[in-house]
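First up is the structure itself, then whatever we jot down about it.
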Amino acid sequence: MSTSDGKTCSACIRQPSYDGTHLAGAPSTCPGSPGGQHSAPGPPHSCRPGFLPANGEGGRSGLGPRPAERPMGRRHANEQWLEQYYVGELRGDPQGSVENGAVASVETQKTDPAMEPKFKVVDWDKDLVDWKKPLLWQVGHLGEKYDEWVHQPVTRPIRLFHSDLIEALSKTVWYSVPIVWMPLMLYLSWSYYRTLAQGNVRLFTSFTTEYSVVVPESVFPGLFMLGLLLWSLVEYLIHRFLFHMKPPSDSYYLITLHFIMHGQHHKAPFDDSRLVFPPVPASLVIATFYVLLRLILPEAVGGSLFAGGLLGYILYDMTHYYLHFGSPHKGSYLYNMKAHHVKHHFTHQKSGFGISSKFWDYFFHTLIPEEPHPKTQ
């Protein structure tokens with residue numbers, strides 16, 4: 001609800017399950033309350049808080065409210081995830097909800113200087129795609145408009161496939177990652193440690209038997225940690241060069257491939273069912289890495305590296321989910337990583353590729369630059 005001075009009724013928006021209508025117990029200054037007046041005739045309108053991304057490399061990004069089909073049992077995802085980028089309250093025509101495509105202005109309080117004072121809200125009926133149909137087979141036709149469109153986030157979930165079965169396999173809950181992969185990681189760690197303890201694992205036997213090196217079990221922790229470090233590099237390289245490749249505007253299939261790999265996440269960053277890798281597609285990628293290590297190194301050595309890398313993957317996916325939906329304490333490591341990831345999504349899509357750490361961003365000079373914050377009154 002908008003009050004007479006254009007601000008939003010805080011009693012309404014602070015309710016965890018607020019759906020855009022006035023709530024009982026709100027102050028009379030809210031025009032939706034029994035004692036208040038609407039600033040214009042018509043039904044109550046949405047007054048969710050606005051979170052304003054800057055006009056970054058991907059074009060101007062707009063975050064509307066969560067649509068009606070979004071489950072209402074938790075705090076608003078955008079409120080929870082972008083809390084350090086809170087800008088102000090939506091102000092506009094009381095007749096027009098943010099779904100109708102109006103360009104809302106905001107009163108900038110607690111404003112991050114990198115934020116734009118206006119943002120464009122998605123008009124679902126006039127968007128470049130038909131949101132009533134699966135998106136995967138539509139995005140390839142966007143051509144040169146794809147890159148800008150995919151970096152204009154929405155707060156609604158998306159559907160990719162016509163088939164209910166394939167659609168279900170493309171989504172998962174966050175806890176599927178530790179449930180599926182932690183037991184495998186522990187089993188492989190124990191199994192390959194016991195193999196190394198037998199004392200018959202040797203390196204370089206493919207080249208020479210005279211100068212081959214015995215690998216004792218005492219090196220297992222080192223191999224495991226090396227696998228963890230190597231995963232962090234793989235995480236960075238995949239995110240930077242594969243997930244953030246810019247597909248040719250005339251290639252339907254590469255645009256479609258990019259969207260299913262990562263573009264869908266930038267389009268719908270608050271879709272919690274698509275934040276971690278589903279077990280079925282993830283198993284194909286993980287199996288590929290395992291086979292490669294087995295071909296290059298002795299089984300126990302490659303397996304020990306793989307076990308460490310698998311733990312790295314688990315930590316990566318859990319960290320990524322937490323950066324979107326967790327509320328870390330201000331000043332903590334995860335708070336800084338969350339701010340880093342927010343900037344990657346909305347202002348610096350071509351930098352800040354580290355998820356679990358910024359180490360490789362430092363190393364490859366892709367760290368998001370710190371912007372000076374002028375003092376505010």
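Starting from 1 in every chain, residues are counted up; chains themselves are A, B, ... following the order of the structure tokens, and ligands are numbered from 1 as listed.
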(message) Show me, as a ChimeraX atom specification, the residues that have an atom within 12 Å of Ala168 (chain A) when counting only C-alpha atoms, minus same-chain residues fewer than 2 positions from it.
(response) /A:159-166,170-173,273-274,278-281
Counting only C-alpha atoms, which residues of region 236-346 of chain A sit at most 10 Å from some atom of region 144-150 of chain A, and what is each one's closest atom pair with its distance in Å to one decimal, listed by chain and rising residue number, as CSV?
residue,atom,partner,partner_atom,distance
A:Lys246,CA,A:Asp147,CA,7.4
A:Pro247,CA,A:Asp147,CA,8.4
A:Pro248,CA,A:Glu144,CA,8.0
A:Ser249,CA,A:Glu144,CA,4.6
A:Asp250,CA,A:Glu144,CA,7.5
A:Ser251,CA,A:Glu144,CA,9.8
A:Ile255,CA,A:Tyr146,CA,7.7
A:Thr256,CA,A:Tyr146,CA,10.0
A:Phe259,CA,A:Val150,CA,8.1
A:His262,CA,A:Val150,CA,9.8
A:Gly263,CA,A:Val150,CA,6.1
A:Gln264,CA,A:Val150,CA,7.4
A:His265,CA,A:Val150,CA,9.0
A:His266,CA,A:Val150,CA,6.5
A:Lys267,CA,A:Val150,CA,5.1
A:Ala268,CA,A:Val150,CA,8.9
Find the residues of region 126-241 of chain A that sit at most 9 Å from region 318-336 of chain A; for each, write down the nearest two atoms and how far apart they are in Å, to one decimal. Count only C-alpha atoms. Sort by chain, then by number going up, and give it as a tab-separated table.
residue	atom	partner	partner_atom	distance
A:Trp174	CA	A:Tyr321	CA	7.1
A:Tyr175	CA	A:Met318	CA	8.4
A:Val177	CA	A:Met318	CA	7.8
A:Pro178	CA	A:Met318	CA	8.4
(request) Calculate how many Å separate CA of Leu135 (chain A) from CA of Phe270 (chain A), rounding to one decimal. (result)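 According to the coordinates, CA of Leu135 (chain A) and CA of Phe270 (chain A) are separated by 16.5 Å.
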(request) Kindly give the distance, in Å, that separates CA of Val285 (chain A) and CA of Val180 (chain A), rounded to a single decimal. (result)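 Interatomic distance, CA of Val285 (chain A) to CA of Val180 (chain A): 14.4 Å.
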(request) Within region 130-200 of chain A, find each residue whose DSSP state, derived from the backbone, is alpha helix (DSSP H), and express the selection as a VMD selection string. (result) chain A and resid 136 to 139 146 to 150 164 to 169 176 to 197
(request) May I ask which of the residues A:Glu370, A:Ile314, A:Leu275, A:Ala197 is the closest one to Ala339 (chain A), counting only C-alpha atoms? (result)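 Once distances to Ala339 (chain A) are computed over only C-alpha atoms, the minimum belongs to A:Glu370.
The space between CA of Ile286 (chain A) and CA of Ala307 (chain A) spans 10.8 Å.
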(message) I'd like the contact shell of region 230-242 of chain A - 9 Å cut-off, only C-alpha atoms, skipping same-chain residues fewer than 3 positions apart - returned as a PyMOL selection string.
(response) chain A and resi 225-227+245-246+258+261-262+305-306+308-313+316+350-357+359-361
(message) Taking only C-alpha atoms into account, name the residue in A:Ile296, A:Val342, A:Tyr253, A:Gly302 that is nearest to Thr195 (chain A).
(response)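 Using only C-alpha atoms, the shortest distance to Thr195 (chain A) belongs to A:Gly302.
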(request) Find, counting only C-alpha atoms, the residue in A:Trp124, A:Glu371, A:Phe346, A:Leu184 that gets nearest to Ser283 (chain A). (result)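 The shortest atom-to-atom distance to Ser283 (chain A) comes from A:Leu184.
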